[in-house]
$ cat model.txt   # compact mmCIF, C-alpha atoms
# COMPACT_ATOMS: atom_id res chain seq x y z
CA MET A 1 3.49 31.18 -8.46
CA ASN A 2 1.69 34.12 -10.10
CA ASN A 3 2.60 36.23 -7.14
CA PRO A 4 6.40 36.39 -6.71
CA ILE A 5 6.33 39.53 -4.65
CA PRO A 6 5.13 37.97 -1.41
CA ALA A 7 7.96 35.49 -1.65
CA ARG A 8 10.43 38.29 -2.06
CA ARG A 9 8.82 40.21 0.72
CA ARG A 10 8.93 37.17 2.95
CA LEU A 11 12.57 36.83 2.22
CA ALA A 12 13.15 40.52 2.92
CA GLY A 13 11.21 40.20 6.15
CA ALA A 14 13.31 37.28 7.25
CA GLY A 15 16.43 39.22 6.43
CA LEU A 16 15.21 42.21 8.40
CA LEU A 17 14.36 40.03 11.39
CA ALA A 18 17.77 38.39 11.23
CA SER A 19 19.54 41.70 11.04
CA LEU A 20 17.39 43.01 13.88
CA LEU A 21 18.24 39.96 15.97
CA LEU A 22 21.88 40.43 15.11
CA LEU A 23 21.66 44.11 15.99
CA GLY A 24 19.89 43.22 19.20
CA ALA A 25 22.60 40.78 20.09
CA CYS A 26 25.23 43.35 19.33
CA ALA A 27 23.43 46.02 21.32
CA THR A 28 23.08 43.73 24.39
CA ALA A 29 26.76 42.90 24.38
CA GLU A 30 27.83 46.48 23.97
CA LEU A 31 25.50 48.32 26.41
CA PRO A 32 27.38 50.24 29.13
CA PRO A 33 26.71 48.90 32.69
CA THR A 34 24.59 51.87 33.72
CA ALA A 35 22.81 50.11 36.60
CA GLU A 36 26.04 48.72 38.06
CA LEU A 37 27.74 52.11 37.82
CA ALA A 38 24.79 53.81 39.48
CA ALA A 39 24.75 51.20 42.27
CA ALA A 40 28.50 51.62 42.80
CA ASN A 41 28.14 55.42 42.93
CA ALA A 42 25.30 55.20 45.43
CA ALA A 43 27.24 52.80 47.65
CA LEU A 44 30.25 55.11 47.52
CA THR A 45 28.19 58.14 48.47
CA GLN A 46 26.63 56.23 51.36
CA ALA A 47 30.03 55.10 52.64
CA GLU A 48 31.42 58.62 52.40
CA SER A 49 28.51 60.15 54.29
CA ALA A 50 28.89 57.47 56.98
CA GLY A 51 32.46 58.70 57.54
CA ALA A 52 34.41 56.02 55.71
CA GLN A 53 37.05 58.58 54.74
CA ARG A 54 38.18 58.42 58.35
CA TRP A 55 37.33 54.90 59.48
CA ALA A 56 37.75 52.78 56.31
CA PRO A 57 40.03 54.81 54.03
CA VAL A 58 41.67 51.79 52.34
CA GLU A 59 38.36 50.23 51.25
CA LEU A 60 36.99 53.62 50.23
CA LEU A 61 40.06 54.36 48.14
CA ALA A 62 39.78 50.92 46.45
CA ALA A 63 36.13 51.64 45.60
CA ARG A 64 36.94 55.06 44.15
CA GLU A 65 39.83 53.75 42.13
CA LYS A 66 37.76 50.88 40.65
CA LEU A 67 34.91 53.23 39.87
CA SER A 68 37.16 55.58 37.94
CA ARG A 69 38.65 52.60 36.12
CA ALA A 70 35.08 51.50 35.31
CA ASP A 71 34.35 54.96 33.87
CA ALA A 72 37.53 54.73 31.78
CA ALA A 73 36.49 51.28 30.56
CA VAL A 74 33.08 52.67 29.55
CA ARG A 75 34.81 55.39 27.53
CA GLU A 76 36.93 52.72 25.85
CA GLU A 77 33.75 50.69 25.30
CA ARG A 78 35.11 47.74 27.27
CA PHE A 79 31.71 47.26 28.84
CA GLY A 80 32.40 43.82 30.33
CA ASP A 81 35.41 45.16 32.25
CA ALA A 82 33.40 48.25 33.18
CA ARG A 83 30.61 46.16 34.66
CA ARG A 84 32.96 43.98 36.71
CA LEU A 85 34.87 47.02 37.94
CA ALA A 86 31.61 48.70 38.95
CA GLU A 87 30.47 45.57 40.81
CA ALA A 88 33.79 45.29 42.63
CA ALA A 89 33.69 49.02 43.47
CA GLU A 90 30.20 48.59 44.92
CA ALA A 91 31.38 45.66 47.06
CA ASP A 92 34.37 47.72 48.29
CA ALA A 93 32.12 50.68 49.11
CA LEU A 94 29.68 48.39 50.92
CA LEU A 95 32.49 47.03 53.06
CA ALA A 96 33.79 50.57 53.75
CA ASP A 97 30.32 51.63 54.85
CA ARG A 98 29.71 48.67 57.18
CA LYS A 99 33.19 48.90 58.63
CA THR A 100 32.65 52.57 59.44
CA ARG A 101 29.30 51.85 61.07
CA ALA A 102 30.83 49.03 63.10
CA VAL A 103 33.63 51.29 64.36
CA ASN A 104 31.11 54.00 65.24
CA ALA A 105 28.89 51.58 67.15
CA GLN A 106 31.84 50.13 69.04
CA GLN A 107 33.15 53.57 69.89
CA ALA A 108 29.74 54.71 71.08
CA ALA A 109 29.59 51.67 73.36
CA GLU A 110 33.11 52.21 74.67
CA GLU A 111 32.41 55.88 75.26
CA LEU A 112 29.29 55.07 77.23
CA VAL A 113 31.06 52.41 79.28
CA ARG A 114 33.84 54.86 80.05
CA SER A 115 31.46 57.60 81.07
CA ASN A 116 29.55 55.09 83.23
CA GLU A 117 32.80 54.26 84.95
CA LEU A 118 33.45 57.96 85.59
CA LEU A 119 29.95 58.42 86.94
CA ARG A 120 30.38 55.41 89.20
CA ARG A 121 33.67 56.71 90.54
CA GLU A 122 32.21 60.18 91.06
CA ALA A 123 29.32 58.65 92.98
CA GLU A 124 31.71 56.63 95.16
CA ARG A 125 33.66 59.77 95.97
CA ASN A 126 30.52 61.71 96.83
CA VAL A 127 29.42 59.01 99.19
CA ARG A 128 32.76 58.90 100.96
CA ARG A 129 32.80 62.66 101.27
CA MET B 1 62.07 -5.18 19.08
CA ASN B 2 63.08 -1.72 18.00
CA LYS B 3 60.12 -1.49 15.75
CA PHE B 4 57.79 -2.51 18.57
CA SER B 5 59.27 -0.11 20.97
CA SER B 6 59.05 2.71 18.49
CA ARG B 7 55.38 1.89 17.99
CA GLY B 8 54.78 1.80 21.75
CA LEU B 9 56.45 5.19 22.13
CA LYS B 10 54.27 6.63 19.41
CA ALA B 11 51.18 5.24 21.16
CA ALA B 12 52.20 6.69 24.48
CA LEU B 13 52.87 10.06 22.94
CA ALA B 14 49.51 9.97 21.22
CA LEU B 15 47.79 9.06 24.49
CA GLY B 16 49.62 11.80 26.28
CA ALA B 17 48.63 14.32 23.61
CA LEU B 18 45.04 13.16 23.85
CA LEU B 19 45.06 13.43 27.61
CA GLY B 20 46.61 16.85 27.34
CA MET B 21 43.99 17.95 24.90
CA ALA B 22 41.28 16.56 27.11
CA ALA B 23 42.73 18.48 30.07
CA CYS B 24 42.75 21.65 28.05
CA ALA B 25 39.21 21.20 26.93
CA THR B 26 37.80 20.38 30.41
CA ALA B 27 37.21 23.37 32.72
CA PRO B 28 39.14 23.37 36.05
CA THR B 29 36.98 21.97 38.90
CA SER B 30 38.28 24.35 41.54
CA ASN B 31 39.70 27.85 42.06
CA ALA B 32 41.76 28.88 45.08
CA VAL B 33 40.21 32.39 45.28
CA LEU B 34 36.71 30.93 45.10
CA ASP B 35 37.59 28.33 47.77
CA ASP B 36 38.79 31.10 50.03
CA ALA B 37 35.60 33.12 49.45
CA ASN B 38 33.51 30.03 50.21
CA ALA B 39 35.38 29.40 53.47
CA SER B 40 34.91 33.03 54.53
CA TYR B 41 31.21 32.80 53.75
CA GLN B 42 30.86 29.62 55.85
CA ARG B 43 32.56 31.31 58.81
CA ALA B 44 30.31 34.37 58.50
CA VAL B 45 27.18 32.22 58.38
CA ASN B 46 28.27 30.61 61.64
CA ASP B 47 28.90 34.04 63.23
CA ALA B 48 25.69 34.77 65.16
CA TYR B 49 26.08 38.55 64.94
CA ALA B 50 26.89 38.48 61.20
CA ALA B 51 23.90 36.21 60.63
CA ARG B 52 21.67 38.69 62.49
CA GLY B 53 23.09 42.03 61.40
CA GLY B 54 24.35 41.08 57.94
CA THR B 55 21.47 39.07 56.51
CA VAL B 56 21.23 41.15 53.32
CA GLU B 57 25.00 41.20 52.83
CA LEU B 58 25.22 37.42 53.30
CA GLN B 59 22.44 36.86 50.76
CA SER B 60 24.18 38.97 48.14
CA ALA B 61 27.48 37.25 48.99
CA ARG B 62 25.83 33.89 48.40
CA ALA B 63 24.46 35.05 45.06
CA ALA B 64 27.94 36.14 43.99
CA LEU B 65 29.38 32.79 45.11
CA GLN B 66 26.78 30.97 43.02
CA ARG B 67 27.66 33.05 39.97
CA ALA B 68 31.35 32.34 40.57
CA GLN B 69 30.58 28.61 40.85
CA ALA B 70 28.47 28.74 37.69
CA ALA B 71 31.24 30.55 35.83
CA LEU B 72 33.72 27.95 37.05
CA GLN B 73 31.51 25.10 35.87
CA ALA B 74 30.79 26.82 32.55
CA GLY B 75 34.52 26.94 31.97
CA GLU B 76 34.66 30.71 31.92
CA SER B 77 38.01 32.38 32.43
CA ALA B 78 39.56 32.60 35.89
CA VAL B 79 39.18 36.38 35.69
CA ILE B 80 35.39 36.02 35.68
CA VAL B 81 35.34 33.34 38.42
CA GLU B 82 37.67 35.33 40.63
CA HIS B 83 35.75 38.53 40.02
CA TYR B 84 32.59 37.03 41.51
CA ALA B 85 34.63 35.35 44.23
CA TYR B 86 36.10 38.77 45.10
CA VAL B 87 32.68 40.41 45.21
CA ALA B 88 31.38 37.53 47.37
CA LYS B 89 34.27 37.87 49.81
CA ARG B 90 33.85 41.64 50.13
CA ARG B 91 30.12 41.23 50.79
CA THR B 92 30.90 38.52 53.35
CA GLU B 93 33.30 40.90 55.11
CA ALA B 94 30.62 43.58 54.98
CA ALA B 95 28.22 41.10 56.66
CA ILE B 96 30.72 40.54 59.46
CA GLU B 97 31.07 44.31 59.95
CA ALA B 98 27.27 44.64 59.96
CA GLY B 99 27.27 42.02 62.72
CA LYS B 100 29.73 44.17 64.67
CA VAL B 101 27.30 47.08 64.32
CA VAL B 102 24.63 44.95 65.99
CA ALA B 103 27.07 43.91 68.71
CA GLY B 104 28.03 47.56 69.24
CA ASP B 105 24.39 48.63 69.39
CA GLU B 106 23.72 45.93 71.97
CA ALA B 107 26.68 47.13 74.01
CA VAL B 108 25.34 50.68 73.79
CA ALA B 109 21.93 49.53 74.98
CA ALA B 110 23.50 47.56 77.83
CA ALA B 111 25.64 50.53 78.83
CA ALA B 112 22.62 52.82 78.68
CA ALA B 113 20.72 50.46 80.98
CA ASP B 114 23.77 50.33 83.22
CA ARG B 115 23.86 54.13 83.26
CA GLN B 116 20.22 54.20 84.27
CA ARG B 117 21.03 51.92 87.20
CA ILE B 118 23.99 54.04 88.20
CA MET B 119 21.94 57.21 88.03
CA ILE B 120 19.27 55.68 90.23
CA GLU B 121 21.94 54.55 92.67
CA VAL B 122 23.57 57.98 92.61
CA ARG B 123 20.27 59.71 93.27
CA THR B 124 19.43 57.28 96.04
CA ARG B 125 22.79 57.87 97.67
CA GLU B 126 22.48 61.61 97.25
CA ALA B 127 19.07 61.54 98.82
CA GLU B 128 20.40 59.47 101.70
CA ALA B 129 23.36 61.79 102.15
CA MET B 130 21.04 64.79 102.08
CA GLU B 131 18.85 63.16 104.69
CA ARG B 132 21.87 62.49 106.87
CA ARG B 133 23.03 66.07 106.44
CA ALA B 134 19.54 67.36 107.20
CA ALA B 135 19.34 65.17 110.30
CA MET B 136 22.78 66.37 111.34
CA SER B 137 21.97 70.01 110.81
CA ALA B 138 18.66 69.54 112.61
CA ALA B 139 20.61 68.15 115.56
CA GLU B 140 23.05 71.04 115.26
CA ALA B 141 20.22 73.52 115.09
CA GLU B 142 18.65 71.91 118.15
CA ALA B 143 21.95 72.12 120.02
CA ALA B 144 22.40 75.73 118.96
CA ARG B 145 18.87 76.51 120.06
CA LYS B 146 19.59 74.89 123.44
CA ARG B 147 22.82 76.84 123.78
CA ALA B 148 20.98 80.05 122.96
CA GLU B 149 18.29 79.21 125.46
CA GLU B 150 20.85 78.48 128.13
CA GLN B 151 22.66 81.68 127.36
CA LEU B 152 19.41 83.60 127.56
CA ALA B 153 18.59 81.89 130.83
CA ARG B 154 22.03 82.75 132.20
CA ALA B 155 21.67 86.34 131.04
CA GLN B 156 18.24 86.56 132.63
CA ALA B 157 19.54 84.99 135.80
CA ALA B 158 22.47 87.39 135.83
CA ASN B 159 20.13 90.24 135.18
CA ALA B 160 17.79 89.02 137.89
CA SER B 161 20.60 88.60 140.38
CA ALA B 162 21.97 91.99 139.41
CA LEU B 163 18.53 93.42 140.00
CA ALA B 164 18.24 91.45 143.19
CA ALA B 165 21.67 92.61 144.31
CA ASP B 166 20.78 96.14 143.43
CA GLU B 167 17.54 95.84 145.29
CA GLN B 168 19.26 94.19 148.19
CA SER B 169 21.86 96.91 148.48
CA LYS B 170 19.09 99.46 148.31
CA ARG B 171 17.27 97.51 150.95
CA LEU B 172 20.41 97.31 153.02
CA ALA B 173 20.93 101.01 152.73
CA ALA B 174 17.34 101.42 153.80
CA GLN B 175 18.00 99.02 156.64
CA LEU B 176 21.04 100.98 157.70
CA GLU B 177 18.76 103.89 157.67
CA GLU B 178 16.31 101.86 159.69
CA MET B 179 19.09 100.85 162.07
CA LYS B 180 19.27 104.54 162.76
CA ALA B 181 22.69 104.82 161.25
CA LYS B 182 23.64 108.47 161.35
CA LYS B 183 25.68 110.10 158.73
CA THR B 184 28.67 111.86 160.26
CA GLU B 185 31.98 113.11 158.93
CA ARG B 186 33.52 109.78 159.96
CA GLY B 187 30.97 107.89 157.85
CA MET B 188 27.81 106.09 158.82
CA VAL B 189 27.57 105.56 162.55
CA LEU B 190 25.36 102.88 164.03
CA THR B 191 24.70 102.91 167.73
CA LEU B 192 23.81 99.75 169.63
CA GLY B 193 22.22 100.77 172.89
CA ASP B 194 23.00 99.15 176.25
CA VAL B 195 19.74 97.20 176.12
CA LEU B 196 21.70 94.70 173.97
CA PHE B 197 23.97 93.83 176.89
CA ASP B 198 23.16 92.83 180.44
CA THR B 199 24.61 95.16 182.99
CA GLY B 200 28.28 94.45 183.49
CA ARG B 201 28.32 91.72 180.85
CA SER B 202 29.69 91.59 177.36
CA ASP B 203 27.51 88.81 175.79
CA LEU B 204 25.13 90.14 173.20
CA LYS B 205 21.50 89.61 173.97
CA PRO B 206 19.25 88.00 171.29
CA GLY B 207 17.70 91.41 170.64
CA ALA B 208 21.01 92.53 169.09
CA MET B 209 21.03 89.71 166.59
CA ARG B 210 18.72 91.30 164.04
CA THR B 211 20.82 94.44 163.87
CA LEU B 212 24.06 92.42 163.68
CA GLU B 213 22.57 90.23 160.98
CA GLN B 214 21.74 93.30 158.96
CA LEU B 215 25.21 94.69 159.51
CA ALA B 216 26.90 91.42 158.50
CA ALA B 217 24.74 91.26 155.35
CA PHE B 218 25.69 94.83 154.54
CA LEU B 219 29.40 94.06 154.94
CA ARG B 220 29.12 90.87 152.88
CA GLU B 221 27.35 92.82 150.17
CA ASN B 222 30.00 95.53 150.23
CA PRO B 223 33.26 93.68 150.64
CA GLU B 224 35.33 96.85 150.10
CA ARG B 225 34.02 98.43 153.26
CA SER B 226 35.51 98.00 156.73
CA ALA B 227 33.99 98.71 160.15
CA LEU B 228 35.29 100.30 163.31
CA ILE B 229 33.65 99.14 166.50
CA GLU B 230 33.91 101.32 169.57
CA GLY B 231 32.73 100.33 173.05
CA HIS B 232 31.67 103.05 175.52
CA THR B 233 30.48 103.02 179.14
CA ASP B 234 29.11 105.58 181.62
CA SER B 235 31.27 106.90 184.37
CA THR B 236 29.82 104.63 187.09
CA GLY B 237 32.34 102.26 188.56
CA ALA B 238 36.12 101.86 188.31
CA ALA B 239 37.69 103.29 185.19
CA ALA B 240 39.79 100.18 184.51
CA TYR B 241 36.73 97.98 184.82
CA ASN B 242 34.78 100.25 182.44
CA GLN B 243 37.71 100.29 180.01
CA ALA B 244 37.88 96.50 179.99
CA LEU B 245 34.10 96.19 179.68
CA SER B 246 33.99 98.60 176.73
CA GLU B 247 36.75 96.65 174.97
CA GLN B 248 35.02 93.33 175.62
CA ARG B 249 31.72 94.63 174.30
CA ALA B 250 33.40 95.94 171.14
CA LEU B 251 35.15 92.57 170.74
CA ALA B 252 31.86 90.74 171.26
CA VAL B 253 30.42 92.63 168.30
CA LYS B 254 33.51 91.90 166.23
CA ASN B 255 33.25 88.17 167.09
CA ALA B 256 29.56 88.12 166.26
CA LEU B 257 30.39 89.60 162.85
CA ALA B 258 33.24 87.08 162.39
CA GLU B 259 30.76 84.27 163.09
CA ARG B 260 28.69 85.69 160.24
CA GLY B 261 31.56 85.44 157.78
CA ILE B 262 33.14 88.88 158.06
CA ALA B 263 36.95 88.64 158.06
CA GLY B 264 38.63 89.93 161.20
CA GLU B 265 41.00 92.27 159.33
CA ARG B 266 38.02 94.28 158.12
CA ILE B 267 36.85 94.98 161.67
CA SER B 268 38.69 97.01 164.28
CA ALA B 269 37.40 96.85 167.85
CA VAL B 270 38.43 99.37 170.46
CA GLY B 271 37.17 100.29 173.94
CA PHE B 272 37.04 103.87 175.22
CA GLY B 273 35.51 103.26 178.65
CA PRO B 274 33.66 106.38 179.87
CA SER B 275 36.05 108.77 178.06
CA LYS B 276 33.70 109.69 175.23
CA PRO B 277 30.24 110.31 176.65
CA VAL B 278 27.58 111.63 174.28
CA VAL B 279 25.66 113.36 177.11
CA GLY B 280 26.21 114.10 180.79
CA ASN B 281 26.40 111.17 183.23
CA ASP B 282 24.34 112.97 185.91
CA THR B 283 21.00 111.44 185.02
CA ALA B 284 20.01 107.84 184.58
CA ALA B 285 18.81 108.57 181.06
CA GLY B 286 22.10 110.27 180.20
CA ARG B 287 24.11 107.35 181.57
CA GLN B 288 22.02 104.90 179.59
CA GLN B 289 22.76 106.91 176.43
CA ASN B 290 26.45 106.86 177.20
CA ARG B 291 26.49 103.06 177.61
CA ARG B 292 26.71 102.07 173.99
CA VAL B 293 28.59 100.37 171.19
CA GLU B 294 29.11 102.49 168.09
CA ILE B 295 29.78 100.91 164.76
CA ILE B 296 31.39 103.30 162.34
CA LEU B 297 31.30 102.51 158.62
CA PRO B 298 33.77 104.93 157.09
CA ASP B 299 32.89 106.23 153.68
CA ASN B 300 35.06 104.59 151.09
CA LYS B 301 37.61 106.75 149.23

$ encode --input "model.txt" --output "structure tokens"
Amino acid sequence: MNNPIPARRRLAGAGLLASLLLLGACATAELPPTAELAAANAALTQAESAGAQRWAPVELLAAREKLSRADAAVREERFGDARRLAEAAEADALLADRKTRAVNAQQAAEELVRSNELLRREAERNVRR
Amino acid sequence: MNKFSSRGLKAALALGALLGMAACATAPTSNAVLDDANASYQRAVNDAYAARGGTVELQSARAALQRAQAALQAGESAVIVEHYAYVAKRRTEAAIEAGKVVAGDEAVAAAAADRQRIMIEVRTREAEAMERRAAMSAAEAEAARKRAEEQLARAQAANASALAADEQSKRLAAQLEEMKAKKTERGMVLTLGDVLFDTGRSDLKPGAMRTLEQLAAFLRENPERSALIEGHTDSTGAAAYNQALSEQRALAVKNALAERGIAGERISAVGFGPSKPVVGNDTAAGRQQNRRVEIILPDNK
């Protein structure tokens, strides 16, 4: 009891820890969804370079629109909304990308089948000639 | 009775309020959007192509479904549950599209293999057609070569026969020369002496045949030429007899030529009897010279 300072210091330390924990909690809840936004942006870029503008314009537009709404939500510090919007935008962009690739693969196959048919017909004609 | 009923009503109301409160407090056990996402996911898992081509997408879809389910069970708001359900459904759709990519790639590979087969078939057929054409043109070339050879042979034959004809006509001219044909203003004159006839007869003796043969050959070779045959006698004997004899001898020569294919209209036969002696009839040698048949080949044109 001849040393009251440590007690005070212990109390101060506890207070600091509590406030730190509180701060930490606050910070976690309020962090912008950087990773989700980055993932959504990457997915969008990939879809665009695959040609989604032409083959999956509806999905691409949905992704872009959600991403810009996510950016707006970040500015308004509605980080929960921002994260969900970014996740949805990424899913839209993913679908746009795969849809585009599917169309391209199907078209490549159809093109090849058509050209095979032409070749076959040409060969038939040559033989008859 | 009233009192009881009023109490029962109060109890029922209280129970209802309690139940209502309980309902409010308990989280809903299902969500239509999540159910739909789950059903889509199940279909995609059973789609062989989506399962193969969309493995990653299906895994992330499943993770989102689990988060949606957890949110539902934790009693989180429908917005949160449906958000994860939405993400799950989009990823499921992406998995199905990824499956279509695999299907498309397989179709491309199959078509490429098909193309390979067609190309091989085309080349085989082309080679066969080329072979047929080559065989055909070889046959044509052979036929052309034969035609050329035949033509050459014909040309050579024609040339040879032309040469032969030329040579023959030269030879015939030489033979006429040999036959002692004399060139006069009336044309070539060939004299057959009386040794070719027996005295008083008009049949040609075999010795005349060679000369007649040569003459017939000459006339055959030169179809534009005609011949005038004149019979002559010496002055011995009756004039009428000599006249007849000279005519018969001329005719005998004409007939001999006709037998050798010389048309009668090309040959004129006349008899002059003793009227045109070449020498005097006073000597035996002179008379022999006067007994003769002359064949005149007038120069053409």

$ atom_distance --input "model.txt" --atom1 "atom CA of B:Arg287" --atom2 "atom CA of B:Asp234"
5.3 Å

$ residues_around --input "model.txt" --residues "stretch 74-89 of chain A" --least-positions-apart "6" --cutoff "10 Å" --atoms "only C-alpha atoms" --output "PyMOL selection string"
(chain A and resi 29-41+43-44+59-68+95) or (chain B and resi 79-80+83-84+86-88+90-91)

$ closest_residue --input "model.txt" --among "A:Ser115, A:Asn104, A:Thr45, A:Gln53" --to "B:Ala111" --atoms "only C-alpha atoms"
A:Ser115

$ closest_residue --input "model.txt" --among "B:Ala112, B:Asp47, B:Gly53, B:Val33" --to "chain A" --atoms "only C-alpha atoms"
B:Ala112

$ atom_distance --input "model.txt" --atom1 "atom CA of B:Ala165" --atom2 "atom CA of B:Glu294"
26.8 Å

$ atom_distance --input "model.txt" --atom1 "atom CA of B:Ala71" --atom2 "atom CA of A:Asp97"
28.4 Å

$ interface_residues --input "model.txt" --of "chain B" --to "chain A" --cutoff "10 Å" --atoms "all atoms listed in the file" --output "PyMOL selection string"
chain B and resi 54+57+60-61+79-80+83-84+86-112+114-119+121-123+125-126+128-129

$ decode --input "model.txt" --residues "stretch 270-291 of chain B" --atoms "N, CA and C atoms" --output "CSV table (one decimal), in the first residue's frame"
chain,number,residue,atom,x,y,z
B,270,VAL,N,-5.7,-47.3,-187.3
B,270,VAL,CA,-6.1,-47.1,-188.8
B,270,VAL,C,-5.1,-48.0,-189.6
B,271,GLY,N,-5.5,-48.4,-190.8
B,271,GLY,CA,-4.7,-49.1,-191.7
B,271,GLY,C,-4.4,-48.3,-193.0
B,272,PHE,N,-3.2,-48.3,-193.4
B,272,PHE,CA,-2.9,-47.5,-194.6
B,272,PHE,C,-2.5,-48.4,-195.8
B,273,GLY,N,-2.5,-49.7,-195.6
B,273,GLY,CA,-2.0,-50.6,-196.6
B,273,GLY,C,-0.6,-50.3,-197.1
B,274,PRO,N,-0.3,-50.3,-198.4
B,274,PRO,CA,1.0,-50.0,-198.8
B,274,PRO,C,1.2,-48.5,-199.2
B,275,SER,N,0.2,-47.7,-198.8
B,275,SER,CA,0.2,-46.3,-199.3
B,275,SER,C,1.3,-45.4,-198.7
B,276,LYS,N,1.8,-45.8,-197.6
B,276,LYS,CA,2.8,-44.9,-197.0
B,276,LYS,C,4.1,-45.7,-196.7
B,277,PRO,N,4.8,-46.1,-197.7
B,277,PRO,CA,6.1,-46.8,-197.5
B,277,PRO,C,7.1,-45.8,-197.0
B,278,VAL,N,8.1,-46.4,-196.2
B,278,VAL,CA,9.2,-45.6,-195.7
B,278,VAL,C,10.4,-45.6,-196.6
B,279,VAL,N,10.5,-46.8,-197.3
B,279,VAL,CA,11.6,-46.9,-198.4
B,279,VAL,C,10.9,-47.5,-199.6
B,280,GLY,N,11.8,-47.8,-200.6
B,280,GLY,CA,11.3,-48.4,-201.9
B,280,GLY,C,10.9,-49.8,-201.6
B,281,ASN,N,10.0,-50.4,-202.4
B,281,ASN,CA,9.6,-51.8,-202.2
B,281,ASN,C,10.3,-52.7,-203.2
B,282,ASP,N,11.4,-52.2,-203.8
B,282,ASP,CA,12.1,-53.0,-204.8
B,282,ASP,C,13.0,-54.1,-204.2
B,283,THR,N,13.4,-53.9,-203.0
B,283,THR,CA,14.3,-54.9,-202.4
B,283,THR,C,13.6,-55.6,-201.3
B,284,ALA,N,14.1,-56.7,-200.9
B,284,ALA,CA,13.4,-57.5,-199.8
B,284,ALA,C,13.6,-56.7,-198.5
B,285,ALA,N,14.8,-56.1,-198.4
B,285,ALA,CA,15.0,-55.4,-197.1
B,285,ALA,C,14.1,-54.1,-197.0
B,286,GLY,N,13.9,-53.5,-198.2
B,286,GLY,CA,13.0,-52.3,-198.2
B,286,GLY,C,11.6,-52.7,-197.9
B,287,ARG,N,11.1,-53.9,-198.5
B,287,ARG,CA,9.8,-54.3,-198.2
B,287,ARG,C,9.6,-54.7,-196.8
B,288,GLN,N,10.6,-55.3,-196.2
B,288,GLN,CA,10.5,-55.6,-194.8
B,288,GLN,C,10.3,-54.4,-193.9
B,289,GLN,N,11.1,-53.3,-194.3
B,289,GLN,CA,11.0,-52.1,-193.6
B,289,GLN,C,9.6,-51.4,-193.7
B,290,ASN,N,9.0,-51.6,-194.9
B,290,ASN,CA,7.7,-51.0,-195.1
B,290,ASN,C,6.6,-51.8,-194.4
B,291,ARG,N,6.8,-53.1,-194.1
B,291,ARG,CA,5.8,-53.9,-193.4
B,291,ARG,C,6.0,-53.6,-191.9
